[in-house]
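This is coords_21.cif (mmCIF, C-alpha atoms and all ligand atoms).
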```cif
data_final
#
loop_
_atom_site.label_atom_id
_atom_site.label_comp_id
_atom_site.auth_asym_id
_atom_site.auth_seq_id
_atom_site.Cartn_x
_atom_site.Cartn_y
_atom_site.Cartn_z
CA MET A 226 0.00 0.00 0.00
CA VAL A 227 1.14 3.52 -0.82
CA GLY A 228 -0.42 6.80 0.29
CA ARG A 229 -1.61 8.85 -2.70
CA ILE A 230 -2.33 12.54 -2.21
CA CYS A 231 -5.98 13.01 -3.15
CA GLY A 232 -6.58 16.50 -1.71
CA THR A 233 -4.60 19.60 -0.77
CA GLY A 234 -5.43 22.80 1.07
CA ALA A 235 -3.70 25.93 2.30
CA TYR A 236 -4.44 29.02 4.32
CA ALA A 237 -2.53 32.20 5.08
CA PRO A 238 -3.94 34.93 7.33
CA PRO A 239 -5.09 38.10 5.52
CA VAL A 240 -2.73 40.52 7.28
CA PHE A 241 0.82 40.69 5.96
CA ALA A 242 4.01 42.61 6.76
CA SER A 243 6.00 43.84 3.75
CA ASN A 244 9.76 44.35 3.77
CA GLU A 245 9.06 48.09 3.88
CA ASP A 246 7.01 47.56 7.05
CA LEU A 247 10.03 45.83 8.62
CA GLU A 248 12.29 48.75 7.68
CA ASN A 249 10.38 50.61 10.41
CA VAL A 250 11.02 47.87 12.96
CA VAL A 251 14.71 46.89 12.52
CA ASP A 252 17.78 48.18 10.68
CA THR A 253 17.14 46.46 7.32
CA SER A 254 16.05 47.24 3.78
CA ASP A 255 13.71 45.84 1.16
CA THR A 256 16.71 45.45 -1.17
CA TRP A 257 18.77 43.45 1.37
CA ILE A 258 15.88 41.12 2.21
CA ARG A 259 14.95 40.49 -1.43
CA GLU A 260 18.54 39.94 -2.55
CA ARG A 261 19.61 37.74 0.37
CA THR A 262 16.39 35.73 0.81
CA GLY A 263 13.89 36.28 -2.05
CA ILE A 264 11.20 37.31 0.45
CA ALA A 265 8.95 40.34 -0.19
CA ARG A 266 6.26 39.90 2.47
CA ARG A 267 5.04 37.44 5.08
CA HIS A 268 1.53 36.81 6.41
CA ILE A 269 0.94 37.47 10.10
CA ALA A 270 -1.78 35.81 12.18
CA VAL A 271 -3.68 38.45 14.13
CA GLU A 272 -7.03 36.72 14.66
CA ASP A 273 -5.81 33.25 13.64
CA THR A 274 -3.82 30.66 15.58
CA ALA A 275 -2.07 27.43 14.61
CA VAL A 276 -5.40 25.67 15.25
CA THR A 277 -7.67 27.94 13.20
CA MET A 278 -5.23 28.01 10.28
CA ALA A 279 -4.87 24.22 10.38
CA VAL A 280 -8.65 23.77 10.37
CA LYS A 281 -9.07 26.06 7.34
CA ALA A 282 -6.34 24.28 5.35
CA ALA A 283 -7.66 20.85 6.38
CA ARG A 284 -11.29 21.65 5.42
CA GLN A 285 -10.09 22.69 1.99
CA ALA A 286 -7.93 19.55 1.59
CA LEU A 287 -10.83 17.27 2.56
CA ALA A 288 -13.27 19.07 0.22
CA ASN A 289 -10.67 19.01 -2.54
CA GLY A 290 -10.14 15.26 -2.10
CA LYS A 291 -13.88 14.60 -1.61
CA ILE A 292 -13.16 12.90 1.72
CA ASP A 293 -15.75 12.92 4.49
CA PRO A 294 -14.17 14.03 7.82
CA GLU A 295 -15.62 10.91 9.44
CA ALA A 296 -13.56 8.75 7.06
CA VAL A 297 -10.25 10.16 8.36
CA GLU A 298 -8.46 7.56 10.50
CA LEU A 299 -5.36 9.53 11.50
CA ILE A 300 -4.62 13.26 11.85
CA LEU A 301 -0.96 14.25 12.08
CA VAL A 302 -0.10 17.87 12.77
CA SER A 303 3.41 19.20 12.46
CA THR A 304 3.94 22.43 14.37
CA ILE A 305 6.50 24.23 16.53
CA SER A 306 4.07 27.04 17.37
CA PRO A 307 0.94 25.43 18.86
CA GLU A 308 -1.76 27.59 20.40
CA ARG A 309 -1.57 25.41 23.51
CA VAL A 310 0.73 22.61 24.66
CA LEU A 311 -2.29 20.56 25.71
CA PRO A 312 -4.44 19.30 24.15
CA CYS A 313 -2.44 18.69 21.01
CA THR A 314 -3.31 20.72 17.91
CA ALA A 315 -4.37 17.56 16.04
CA CYS A 316 -7.10 16.84 18.65
CA GLU A 317 -8.39 20.42 18.42
CA VAL A 318 -8.48 20.15 14.64
CA GLN A 319 -10.29 16.81 14.93
CA LYS A 320 -12.97 18.41 17.12
CA GLN A 321 -13.59 21.27 14.72
CA LEU A 322 -13.65 19.02 11.64
CA GLY A 323 -15.89 16.41 13.27
CA ALA A 324 -13.34 13.75 12.32
CA VAL A 325 -14.60 11.58 15.17
CA GLN A 326 -12.92 8.33 14.06
CA ALA A 327 -9.42 9.76 13.82
CA VAL A 328 -6.42 9.07 16.05
CA CYS A 329 -4.60 12.38 16.55
CA PHE A 330 -1.16 13.56 17.51
CA ASP A 331 1.34 16.35 16.85
CA LEU A 332 4.97 16.03 15.98
CA ASN A 333 7.86 18.47 16.02
CA ALA A 334 10.71 18.23 13.55
CA ALA A 335 10.83 22.01 12.99
CA CYS A 336 11.17 22.97 9.33
CA ALA A 337 11.51 19.30 8.36
CA GLY A 338 8.25 18.66 10.21
CA PHE A 339 5.88 18.33 7.28
CA LEU A 340 8.23 15.88 5.63
CA TYR A 341 8.51 13.80 8.81
CA ALA A 342 4.72 13.84 9.29
CA TYR A 343 4.24 12.84 5.65
CA ASN A 344 6.71 9.97 6.10
CA THR A 345 4.94 8.89 9.30
CA ALA A 346 1.60 8.86 7.44
CA GLN A 347 3.14 6.76 4.67
CA ALA A 348 4.55 4.31 7.23
CA TYR A 349 1.12 3.82 8.84
CA ILE A 350 -0.47 3.36 5.43
CA ARG A 351 2.23 0.92 4.31
CA SER A 352 1.75 -1.13 7.49
CA GLY A 353 -1.95 -1.44 6.69
CA MET A 354 -2.92 0.20 9.98
CA TYR A 355 -4.67 3.25 8.48
CA LYS A 356 -5.87 4.03 4.99
CA THR A 357 -7.07 7.65 5.13
CA VAL A 358 -4.71 10.16 6.74
CA LEU A 359 -4.78 13.93 7.07
CA VAL A 360 -1.34 15.57 7.35
CA ILE A 361 -1.14 19.23 8.32
CA GLY A 362 1.71 21.70 8.76
CA THR A 363 0.63 24.83 10.65
CA GLU A 364 2.71 27.64 12.10
CA GLN A 365 2.22 30.92 13.91
CA LEU A 366 5.90 31.80 13.90
CA SER A 367 5.23 35.51 14.35
CA LYS A 368 4.75 34.85 18.07
CA LEU A 369 8.13 33.06 18.35
CA VAL A 370 10.04 35.75 16.49
CA ASP A 371 12.11 38.40 18.29
CA TRP A 372 10.96 41.51 16.44
CA THR A 373 14.16 43.32 17.43
CA ASP A 374 16.44 40.68 15.82
CA ARG A 375 16.98 41.45 12.13
CA ASN A 376 18.72 38.09 11.62
CA THR A 377 15.45 36.24 12.09
CA CYS A 378 12.42 38.53 12.05
CA ILE A 379 12.67 39.20 8.32
CA LEU A 380 12.52 35.49 7.49
CA PHE A 381 9.49 33.91 9.11
CA GLY A 382 5.75 33.99 8.38
CA ASP A 383 2.47 32.34 9.41
CA GLY A 384 0.25 29.89 7.54
CA ALA A 385 -0.94 26.32 7.18
CA GLY A 386 -1.05 23.63 4.52
CA ALA A 387 -2.66 20.19 4.45
CA VAL A 388 -2.79 17.04 2.36
CA VAL A 389 -5.11 14.03 2.51
CA LEU A 390 -3.59 10.65 1.74
CA THR A 391 -5.50 7.52 0.83
CA GLY A 392 -3.92 4.07 0.67
CA GLU A 393 -3.81 2.51 -2.78
CA GLU A 394 -2.19 -0.58 -4.25
CA ASN A 395 -0.31 1.29 -6.98
CA GLY A 396 2.02 4.20 -6.60
CA ARG A 397 5.57 5.06 -5.79
CA TYR A 398 7.01 6.33 -2.53
CA ASN A 399 10.35 6.24 -0.76
CA MET A 400 12.17 8.39 1.76
CA THR A 401 15.43 9.34 3.41
CA ALA A 402 15.63 11.16 6.74
CA HIS A 403 18.42 12.20 9.08
CA SER A 404 18.92 13.99 12.38
CA ASP A 405 22.04 15.37 14.08
CA GLY A 406 21.39 16.61 17.59
CA ARG A 407 25.06 17.52 18.02
CA LYS A 408 24.47 20.58 15.85
CA GLY A 409 21.22 21.55 17.55
CA GLU A 410 22.49 24.86 18.93
CA ALA A 411 22.48 26.37 15.42
CA LEU A 412 18.73 26.99 15.66
CA THR A 413 16.91 27.06 18.99
CA CYS A 414 13.79 28.33 20.73
CA ARG A 415 13.03 27.82 24.43
CA THR A 416 9.39 27.23 25.43
CA ASP A 417 9.46 30.62 27.16
CA GLY A 418 11.67 32.35 24.58
CA LYS A 419 12.19 33.38 20.97
CA ILE A 420 13.90 31.88 17.92
CA LYS A 421 17.72 32.19 17.86
CA MET A 422 19.64 31.21 14.77
CA ASP A 423 23.16 31.04 13.43
CA GLY A 424 21.98 31.80 9.89
CA ARG A 425 25.28 31.11 8.16
CA GLU A 426 25.65 27.71 9.79
CA VAL A 427 22.08 26.70 8.91
CA PHE A 428 22.63 27.95 5.36
CA ARG A 429 25.81 25.86 4.97
CA PHE A 430 24.10 22.81 6.43
CA ALA A 431 21.12 23.15 4.06
CA VAL A 432 23.06 23.56 0.82
CA LYS A 433 25.24 20.54 1.65
CA SER A 434 22.81 18.10 3.24
CA VAL A 435 19.73 18.62 1.05
CA PRO A 436 21.41 17.67 -2.26
CA GLU A 437 23.10 14.73 -0.47
CA CYS A 438 19.84 13.30 0.85
CA ILE A 439 18.09 13.86 -2.48
CA ARG A 440 20.90 11.93 -4.23
CA GLU A 441 20.57 9.17 -1.63
CA LEU A 442 16.83 8.97 -2.31
CA LEU A 443 17.29 8.90 -6.08
CA GLU A 444 19.90 6.16 -5.79
CA ARG A 445 17.55 4.06 -3.69
CA GLU A 446 14.89 4.39 -6.37
CA GLN A 447 17.38 4.09 -9.24
CA LEU A 448 16.29 7.42 -10.66
CA LEU A 449 18.24 10.35 -12.05
CA ALA A 450 17.58 13.95 -11.05
CA GLU A 451 16.34 14.56 -14.59
CA ASP A 452 13.58 11.95 -14.04
CA ILE A 453 11.98 14.19 -11.39
CA ASP A 454 9.32 16.61 -12.59
CA TYR A 455 9.39 18.94 -9.58
CA PHE A 456 11.48 19.36 -6.44
CA VAL A 457 9.23 20.81 -3.74
CA LEU A 458 11.63 22.13 -1.13
CA HIS A 459 11.06 23.72 2.24
CA GLN A 460 10.96 27.44 1.50
CA ALA A 461 13.68 28.91 3.73
CA ASN A 462 15.68 31.09 1.37
CA ARG A 463 15.68 31.52 -2.43
CA ARG A 464 19.46 31.19 -2.45
CA ILE A 465 19.27 27.81 -0.69
CA VAL A 466 16.76 26.50 -3.25
CA GLU A 467 18.87 27.79 -6.15
CA ALA A 468 22.06 26.32 -4.67
CA VAL A 469 20.39 22.89 -4.30
CA ALA A 470 19.21 23.05 -7.93
CA LYS A 471 22.73 23.94 -9.07
CA ARG A 472 24.37 21.16 -7.07
CA LEU A 473 21.95 18.63 -8.54
CA ASN A 474 22.49 20.12 -12.00
CA VAL A 475 18.75 20.60 -12.50
CA PRO A 476 17.19 23.71 -14.13
CA PRO A 477 15.79 26.04 -11.43
CA GLU A 478 12.36 25.99 -13.14
CA ARG A 479 11.87 22.54 -11.65
CA PHE A 480 12.22 24.04 -8.16
CA PRO A 481 9.00 26.04 -7.69
CA MET A 482 9.08 28.77 -5.04
CA ASN A 483 6.61 30.98 -3.20
CA LEU A 484 8.95 32.56 -0.66
CA GLU A 485 8.27 35.99 -2.02
CA GLU A 486 4.71 35.85 -0.71
CA TYR A 487 5.01 33.87 2.54
CA GLY A 488 8.61 33.91 3.78
CA ASN A 489 9.64 30.81 5.72
CA THR A 490 6.52 29.16 7.23
CA SER A 491 8.47 26.18 8.63
CA SER A 492 6.34 23.03 8.49
CA ALA A 493 3.61 24.77 6.47
CA SER A 494 5.85 25.67 3.54
CA ILE A 495 5.81 22.42 1.54
CA PRO A 496 2.03 21.79 1.70
CA ILE A 497 1.23 25.45 0.88
CA LEU A 498 3.49 25.28 -2.17
CA LEU A 499 2.08 21.91 -3.20
CA HIS A 500 -1.47 23.24 -2.95
CA GLU A 501 -0.58 26.23 -5.13
CA MET A 502 0.97 23.92 -7.73
CA LYS A 503 -2.16 21.79 -7.76
CA GLN A 504 -4.42 24.84 -8.08
CA LYS A 505 -2.36 26.09 -11.01
CA GLY A 506 -2.90 22.72 -12.74
CA ILE A 507 0.80 21.98 -13.17
CA LEU A 508 0.64 18.60 -11.44
CA LYS A 509 -0.34 15.71 -13.74
CA PRO A 510 -0.96 12.07 -12.83
CA GLY A 511 2.22 10.01 -12.88
CA MET A 512 4.54 12.97 -12.29
CA LYS A 513 7.42 12.28 -9.93
CA LEU A 514 7.89 14.78 -7.12
CA VAL A 515 10.64 15.06 -4.54
CA PHE A 516 9.80 16.82 -1.28
CA ALA A 517 12.76 17.96 0.85
CA GLY A 518 12.75 19.53 4.29
CA PHE A 519 15.50 20.74 6.62
CA GLY A 520 15.83 22.73 9.80
CA ALA A 521 16.32 22.75 13.55
CA GLY A 522 17.37 19.56 15.25
CA LEU A 523 19.23 19.46 12.98
CA SER A 524 16.82 17.35 10.93
CA TRP A 525 16.51 16.85 7.20
CA GLY A 526 15.20 14.45 4.61
CA ALA A 527 13.58 13.91 1.26
CA SER A 528 10.78 11.78 -0.09
CA LEU A 529 9.70 10.64 -3.52
CA THR A 530 6.01 10.81 -4.38
CA GLU A 531 4.16 9.88 -7.53
CA TRP A 532 1.31 12.29 -8.22
O1 LIG B 601 13.93 26.98 7.96
C1 LIG B 601 15.22 26.51 8.21
C2 LIG B 601 15.97 27.44 9.05
N1 LIG B 601 16.45 28.65 8.51
C3 LIG B 601 17.21 28.80 7.39
O2 LIG B 601 17.30 27.97 6.54
C4 LIG B 601 17.96 30.08 7.26
C5 LIG B 601 19.34 29.86 6.66
N2 LIG B 601 20.14 31.07 6.61
C6 LIG B 601 19.84 32.10 5.78
O3 LIG B 601 18.86 32.06 5.05
C7 LIG B 601 20.80 33.25 5.73
O4 LIG B 601 21.97 32.92 6.44
C8 LIG B 601 20.20 34.59 6.28
C9 LIG B 601 19.13 35.11 5.35
C10 LIG B 601 19.64 34.35 7.68
C11 LIG B 601 21.30 35.62 6.37
O5 LIG B 601 21.88 35.82 5.09
P1 LIG B 601 23.47 35.79 4.91
O6 LIG B 601 23.75 36.07 3.51
O7 LIG B 601 23.97 34.48 5.48
O8 LIG B 601 23.92 37.01 5.79
P2 LIG B 601 24.97 37.05 6.96
O9 LIG B 601 24.39 36.51 8.22
O10 LIG B 601 26.26 36.45 6.47
O11 LIG B 601 25.15 38.62 7.11
C12 LIG B 601 25.72 39.41 6.08
C13 LIG B 601 25.64 40.87 6.50
C14 LIG B 601 26.11 41.09 7.95
O12 LIG B 601 26.76 42.35 7.99
P3 LIG B 601 28.36 42.44 7.98
O13 LIG B 601 28.81 41.65 9.17
O14 LIG B 601 28.78 41.86 6.67
O15 LIG B 601 28.60 43.92 8.09
C15 LIG B 601 24.83 41.15 8.72
O16 LIG B 601 24.94 41.91 9.90
O17 LIG B 601 24.28 41.29 6.46
C16 LIG B 601 23.90 41.83 7.73
N3 LIG B 601 22.49 41.51 7.96
C17 LIG B 601 21.50 42.31 7.56
N4 LIG B 601 21.50 43.49 6.90
C18 LIG B 601 20.30 44.04 6.63
C19 LIG B 601 21.97 40.40 8.57
N5 LIG B 601 20.64 40.50 8.57
C20 LIG B 601 20.32 41.67 7.95
C21 LIG B 601 19.11 42.29 7.64
N6 LIG B 601 19.14 43.46 6.97
N7 LIG B 601 17.92 41.75 7.97
#
```

Rewrite the coordinates I just gave you, this time as structure tokens.
Amino acid sequence: MVGRICGTGAYAPPVFASNEDLENVVDTSDTWIRERTGIARRHIAVEDTAVTMAVKAARQALANGKIDPEAVELILVSTISPERVLPCTACEVQKQLGAVQAVCFDLNAACAGFLYAYNTAQAYIRSGMYKTVLVIGTEQLSKLVDWTDRNTCILFGDGAGAVVLTGEENGRYNMTAHSDGRKGEALTCRTDGKIKMDGREVFRFAVKSVPECIRELLEREQLLAEDIDYFVLHQANRRIVEAVAKRLNVPPERFPMNLEEYGNTSSASIPILLHEMKQKGILKPGMKLVFAGFGAGLSWGASLTEW
């Protein structure tokens, strides 16, 4: 059994902060942010929370996949910015969706979180334990950001994305995943604190480890990079995405991006981008997609999915 994505959804709160807005908050400029990151604005949750954004993205994914909430057997939420520690975000989402049959839990693998949740869903489906799984990445990072720190506050944004997977006999899926806790101090956030990051170290880690794990995945599946239709990467920095494309010797057009609009939404970035690709009609049955995530932990990985 393989999980096939039958529905996608995304939500970003209506309020956004442009680079010009941030020029009034810290010593930065629109030009610096665009050139060094590719970001122009980021959405900020004022009324919304990780729960409300997750519910909106999930409703859309279920409607899009024509799946009744009562048919969902497992809800996995990836978040580092829950509204509350208890109950878990997945249980709150379950309540609001009326997904009464579902088993629910959250997981935290930071910016690799959606990928890890997606892999967890695939593992449950492959084992035969569950057939219909809702996977959500939702983040209200604006509340974890130190708005006086120009190294981080220009990067992050709020939003949620969701996919619904159903188990089918045919389809292709494989994964690679890694963690290295020894390098964890590069990107931290205490439960009572704000995000702290050694940007250069995380940048170096990303441009080295993401192409490596994608190559590892392709080797496992005996595929070449040119066999992949789209590489859907965690949206952390335009220069990271372009560097990965270059190292894999793949034209950058096959690395879609939406950083300009959302900034880095951590575990929401891959499902938001995937939803936009689906809405634009660029995903066709049989296409091969590689998802890749990386971030705090350090944690990183890639997975192959057939659309
Ligand atoms: O989601 C996964 C986790 N996060 C990431 O993947 C982030 C990875 N890292 C990055 O994306 C980049 O390292 C940043 C965007 C965070 C920083 O870009 P950079 O090109 O690595 O800049 P830098 O830290 O090397 O700083 C270059 C200069 C410094 O000035 P000096 O020392 O050369 O005079 C910084 O003080 O740019 C300065 N700078 C800024 N200037 C204007 C740093 N932040 C800003 C800013 N506006 N916001």

* **Env. residues ligand LIG 601 (chain B) / 7 Å / only C-alpha atoms and all ligand atoms / as a list of chain:residue names** => A:Asp252, A:Thr253, A:Ser254, A:Trp257, A:Ile258, A:Arg261, A:Thr262, A:Cys336, A:Arg375, A:Asn376, A:Thr377, A:Ile379, A:Leu380, A:Gly424, A:Arg425, A:Val427, A:Phe428, A:Ala431, A:Ala461, A:Asn462, A:Asn489, A:Ser491, A:Phe519, A:Gly520, A:Ala521

* Close residues, stretch 476-481 of chain A itself excluded, 12 Å, all atoms listed in the file, min 2 positions apart in chain, as a ChimeraX atom specification -> /A:450-460,463-474,483-485,494-495,497-503,505,507-508,513-517

* Counting only C-alpha atoms, what is within 6 Å of A:Ala411, bar same-chain residues fewer than 2 positions away, as a list in words? ->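 Using only C-alpha atoms, the neighbours found are Gly409, Met422 and Asp423 of chain A.
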
Need the shell around stretch 263-273 of chain A: protein/DNA/RNA residues with any atom at most 6 Å away, counting all atoms listed in the file. Skip same-chain ones fewer than 5 positions apart. Format as a PDB file with C-alpha atoms, in the coordinates of the input?
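The resulting file, part33.pdb, is reproduced below:
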```
ATOM      1  CA  PRO A 238      -3.940  34.930   7.330  1.00  0.00           C
ATOM      2  CA  VAL A 240      -2.730  40.520   7.280  1.00  0.00           C
ATOM      3  CA  PHE A 241       0.820  40.690   5.960  1.00  0.00           C
ATOM      4  CA  ALA A 242       4.010  42.610   6.760  1.00  0.00           C
ATOM      5  CA  SER A 243       6.000  43.840   3.750  1.00  0.00           C
ATOM      6  CA  ASN A 244       9.760  44.350   3.770  1.00  0.00           C
ATOM      7  CA  GLY A 382       5.750  33.990   8.380  1.00  0.00           C
ATOM      8  CA  ASP A 383       2.470  32.340   9.410  1.00  0.00           C
ATOM      9  CA  ARG A 463      15.680  31.520  -2.430  1.00  0.00           C
ATOM     10  CA  LEU A 484       8.950  32.560  -0.660  1.00  0.00           C
ATOM     11  CA  GLU A 485       8.270  35.990  -2.020  1.00  0.00           C
ATOM     12  CA  GLU A 486       4.710  35.850  -0.710  1.00  0.00           C
ATOM     13  CA  TYR A 487       5.010  33.870   2.540  1.00  0.00           C
ATOM     14  CA  GLY A 488       8.610  33.910   3.780  1.00  0.00           C
TER      15      GLY A 488
END
```

* By how many Å are atom CA of A:Glu394 and atom CA of A:Gly518 apart? ->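 Here the two named atoms are 26.5 Å from each other.
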
* With only C-alpha atoms as the basis for distance, which of A:Ala387, A:Leu523, A:Met400, A:Ala493 is at the shortest distance from A:Gln285? ->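 When distances to A:Gln285 are compared using only C-alpha atoms, the smallest one comes from A:Ala387.
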
* So how far away is atom CA of A:Gly506 from atom CA of A:Ala324, in Å? ->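 For atom CA of A:Ala324 relative to atom CA of A:Gly506, the distance reads 28.6 Å.
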
* Using all atoms listed in the file, which of the listed residues (A:Cys438, A:Leu340, A:Val325, A:Ala385) sits closest to A:Ala237? ->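 Selected residue with least distance to A:Ala237: A:Ala385.
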
* A:Lys281: which residues within 12 Å, counting all atoms listed in the file, same-chain residues fewer than 3 positions away excluded, as a ChimeraX atom specification? -> /A:233-238,273-278,284-288,318,321-322,361-363,384-387

* Between atom CA of A:Glu248 and atom CA of A:Ala335, distance in Å (one decimal) ->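 Computing the Euclidean distance for atom CA of A:Glu248 and atom CA of A:Ala335 yields 27.3 Å.
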
* Minimum-distance residue to A:Lys433, chosen among A:Trp525, A:Thr345, A:Leu247, A:Leu301 (using all atoms listed in the file) ->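 For A:Lys433, the nearest of the candidates is A:Trp525.
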
* Need the neighbours of (12.9, 44.8, 19.6): which residues are at most 8 Å away, counting all atoms listed in the file, as a list in words? ->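 The answer, in the requested form, is Val250, Val251, Asp371, Trp372, Thr373 and Asp374 of chain A.
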
* **Distance query A:Glu446 at most 9 Å, all atoms listed in the file, self and fewer than 2 positions along chain excluded, as a ChimeraX atom specification** => /A:398-399,441-444,448-449,529

* Rank nothing, just name the residue among A:Ala327, A:Val280, A:Leu299, A:Cys231 nearest to A:Tyr349, using all atoms listed in the file. =>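 Ranked by minimum distance to A:Tyr349, first place goes to A:Leu299.
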
* Option closest in space to A:Gln365, from A:Val310, A:Ile305, A:Cys378, A:Met482 [counting all atoms listed in the file] ->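 The closest residue to A:Gln365 is A:Ile305.
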
* Asked: For A:Leu412, which residue out of A:Phe430, A:Pro239, A:Ala315, A:Leu332 is the nearest one, using all atoms listed in the file?
  -> A:Phe430
